[in-house]
Structure formats: structure tokens, C-alpha cells
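In what follows, a single structure is set out as C-alpha cells and then discussed.
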Amino acid sequence: MVLAEDVLTPGGRFLMPKGTTLDGGHLKSLLAWNLPDVGVLEAPQPAAAGAPDALGPLVDEAAEQAVRERFCRFDPESAVGRVLFPLALDREIRRRRAAGAGWEGAEAGRESAAPEEPRRAAGEALEPPASPEALLRDEPKLVSPPEVYQRISEVLRDPASTVEDAAASIRHDPSLAAKLLRLVNSSYYSRTMRAVGGRFPAKVDSLSRAVLVVGGRQLATLALGVSVLPLFQDIPPHWVNMRVFWEHSVGCAVAAQVIAVARGQDDAETAFVAGLLHDIGRIVVYKQASHHMAAAMRQAVADRQPLHVAERETLGFDHAALGGGLLRKWQFPANLEKMVRYHHDLDEPLFLEGPAVVHLADCLATAMGWGGSGNRHVPPLDPAAWEALGLSAEALAGLVPRMEERLAETMHSFFPDRAGPP
């Protein structure tokens, strides 16, 4: 069944959008609110193999409307927009047809809904939001970084660290080691090694060999980002669909990595980790200030604006500032912290290139519909960021298929069963 109209709570707050394909989780949420009734449609079934696709034009039209809404704050007639919009439209049409007659999948519907809020008394005012420092202080799990981080950090800080030092900092965490080995065995690193004339082994089956392939500091940097993911595996699904959230984060990560390589940067792994963690502050807000995040999401939808803009108006700060504060609290490398902190605030950093890579990667991931962290609209591309990166629109368009291939492979590395966060 598919929702025929937006669903509101008895108090008039937005709960689920029109077009959501209802699964068991949605039905439980609707029952919990004791709603008298909701309007639904029977979801059309995909056409049988070989049958004419009679609904094809309707699917294409709905896809174009959805992409135009996604781009409402991004100029589709700009140099980047002229190449990015058709790519996003093509992917949206393919996605909708694969889902069956253009209906949204359950994950996409849940991602676009505002976080479900605990009930409040009628007329109860929203309390002033807590400061970023208070939000981080009040989450016990975030007071200290993962234990493995301490070991990895020592390797990163020691210029005399060896291959075995880097491998030893990781091998005590079997789950982390397995994820890193899957990443290093991906075709991305195989192609990279061939491009520089290296000899890539048939299979990288040990961390010591992985360090030789990727580099000790680069592997340790990757481990920094990957080690953070399990901290957020218990976010309740009525706040945010974490599978969809991590797909957006990984999409931003691979886009940042590909952009960094295309620019000839030697810190592609740092760009990957910054992209992976760029929205980490938003998870904290989902958990610690869900009322305010729900209000920000409703405002973003009503005003047709990127979510980080509504966050600033509702909270007084955005998820990027909160995420940067968390990484500073954990004493992450300063360049990683700045790439996360300033990816929506490019007037601040002294060195623009790092945040600019994440800024562009986030725009790309949102435009292409690679998962989602609650934001429905592509942020405008900052002209200073585009100029600093020195890419052409045509070159960027040529990188997108490589990013999509890398996204699928990396998601499988992190989520082999695609059932949820690691």
C-alpha cells in the first residue's frame, strides 16, 4: 500500500509524506499515533518481463518533477547544473522503474519523513535548544572516542611509525580489520595500483599487506573513519533510517575521494573519511534534540531550502559545526575536523580546498539521490569552492559513473548483507 496523502499527527505535525510505500515499521508508527484513518492506494506491480511499460511516461514525468524539486535551490542552467541535472534525472528514472511503476521504496519514504516525536501536550512550547557543547557532553557514548582510535591516533602522530605499527593498531578489532580488508580488495585500489605501475596481489589477505598497498598512514586514516560507524548503530528507526543515512555518507565519501584523486591530491583517504563523517553531527541532533530536528525538517520542506539552513534557524547552529566539535573533542587530525566543520560554511577556513571537496561531494551525493540524511534539496554550489577545485563541468560529469560504481562496491564492503549499519 502507498500513502495517497501526507500524514499528520493528531496535533497537526508532519509525520509521513505522500507516496510512502508502507512496510511493517510504518504501520506500527501509524498505530502508535492512534490515527482514525489514512488514505492509501494499492501499489502497482512491476510489469511482467516482456510486457509493454504502459506507465513509463508517467514514471518519467514523476521522476522529473521529483528531481526538479530536489534542484529547486540549485541552478540547473549553471555550467554544473546542465551536466548534473540530466545525470540525476537518468538515475531517478532508473531507480523508480526498478522499484516498480515509479512508486517510491519504503526506505526512501522513511528517509524523507521528519523524525517521529514523543507526544507533547497541546500548545506545549518547544524549549530553547541546547548548545553544541551541551549536546556532546550529554551523550555518554560520545565522551570518549573508540578505544581503537587511541591506537590509530598514535600511529598518525608518529612520523617514525612502521608498517607493523599501523597493522598492529588495527588488528585488535576483527570487525574493523575485516571492513578495511574488503575496502582494500576493491577494484578501486586495484586500478589505482595498476595506474602507478604497482603490482597488486590477487588478494590482500593481511593488514600488513594492506599497509603496503595503501600506505600505513592512509590505512590508519581510513580506520579512523570506519571505527566510528558502530557508535551509531542503535539509532531508533523512527528518528532516521540509518541504512539510507550511511548510503548518503558513503556516497559523499566516494565522491570526495574521486574528486581528490582527479585533482592529483595525495590525501584521497582523508577526503574519503571527511565525506564519510560529514553529517555525523546530524545523528547527534537526531538523538539529543529530536523535537528541534523535526521542526527544522518541517521548516526546510515548507521553505524549500536545504536542511542545514533550517538547522541554523531552529538550533542556532548546524550539523557541520556540531560534527566538527565532536571531531575536535576526539582530537581527530585538524584537517579532518575542518573539512567536516566548514563544508557548509566556506567563508571561514583559511585553506579552502579541503572543505570545498566535501562541499562539492555533498552536493553531488544529494543531487544524485545517493541515500539521504534528511535533506531533500541540493545545497547551492558555492562559487568559491568550485573555483578553488579547478574542475570543469564536463570533467565532473565524467567522474560520476566512477563514483556510482565505487559507491555500490563500498556499500557492500561496509554492509555485506545490506541489512543495516555495521
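Chain labels A, B, ... are given in the sequence in which chains occur in the C-alpha cells; within each chain residues are numbered consecutively from 1, and ligands are likewise numbered from 1 in the order shown.
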
**Request:** Write down as a ChimeraX atom specification the residues of range 313-346 of chain A whose backbone DSSP state falls under helix (DSSP H, G or I).
**Result:** /A:313-315,319-329,334-341

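When only C-alpha atoms are used to measure the gap to Asp362 in chain A, the shortest distance among A:Pro237, A:Val214, A:Val250, A:Thr21 belongs to A:Val250.
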
Excluding Glu337 in chain A and any residue of its chain fewer than 6 positions from it, enumerate the residues within 7 Å of it, using only C-alpha atoms, and give them as a PDB file with C-alpha atoms, in the first residue's frame.
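Ended up saving to result34.pdb:
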ATOM      1  CA  GLY A 324      33.422  19.479  13.767  1.00  0.00           C
ATOM      2  CA  LEU A 327      35.946  15.522  15.973  1.00  0.00           C
ATOM      3  CA  ARG A 328      37.847  18.201  17.870  1.00  0.00           C
TER       4      ARG A 328
END

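Of the residues listed (A:Ile93, A:His377, A:Ser290, A:Pro132), A:Pro132 shows the shortest atom-to-atom separation from Phe317 in chain A; distances use only C-alpha atoms.
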
**Message:** List the spatial neighbours of Phe272 in chain A as a count of residues only - criterion: any atom at most 9 Å away, only C-alpha atoms, same-chain residues fewer than 4 positions off excluded.
**Reply:** 16

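With CA of Ala262 in chain A on one side and CA of Leu84 in chain A on the other, the separation reads 17.4 Å.
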
**Prompt:** For Phe245 in chain A, which of A:Ser153, A:Met411, A:Tyr188, A:Gly323 is the closest residue, counting only C-alpha atoms?
**Reply:**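 Once distances to Phe245 in chain A are computed over only C-alpha atoms, the minimum belongs to A:Met411.
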
**Among listed residues A:Leu135, A:Pro86, A:Leu352, A:Gln305, nearest Gly325 in chain A (using only C-alpha atoms)** = A:Leu135

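Near Val309 in chain A, within 12 Å and counting only C-alpha atoms, sit Arg73, Met293, Ala296, Met297, Gln299, Ala300, Val301, Asp303, Arg304, Gln305, Pro306, Leu307, Glu311, Arg312, Glu313, Thr314, Leu315, Gly316, Phe317, Asp318, His319, Ala320, His344, Asp345, Asn375, His377, Val378, Pro379 and Pro380 of chain A; same-chain residues fewer than 2 positions away were not included.
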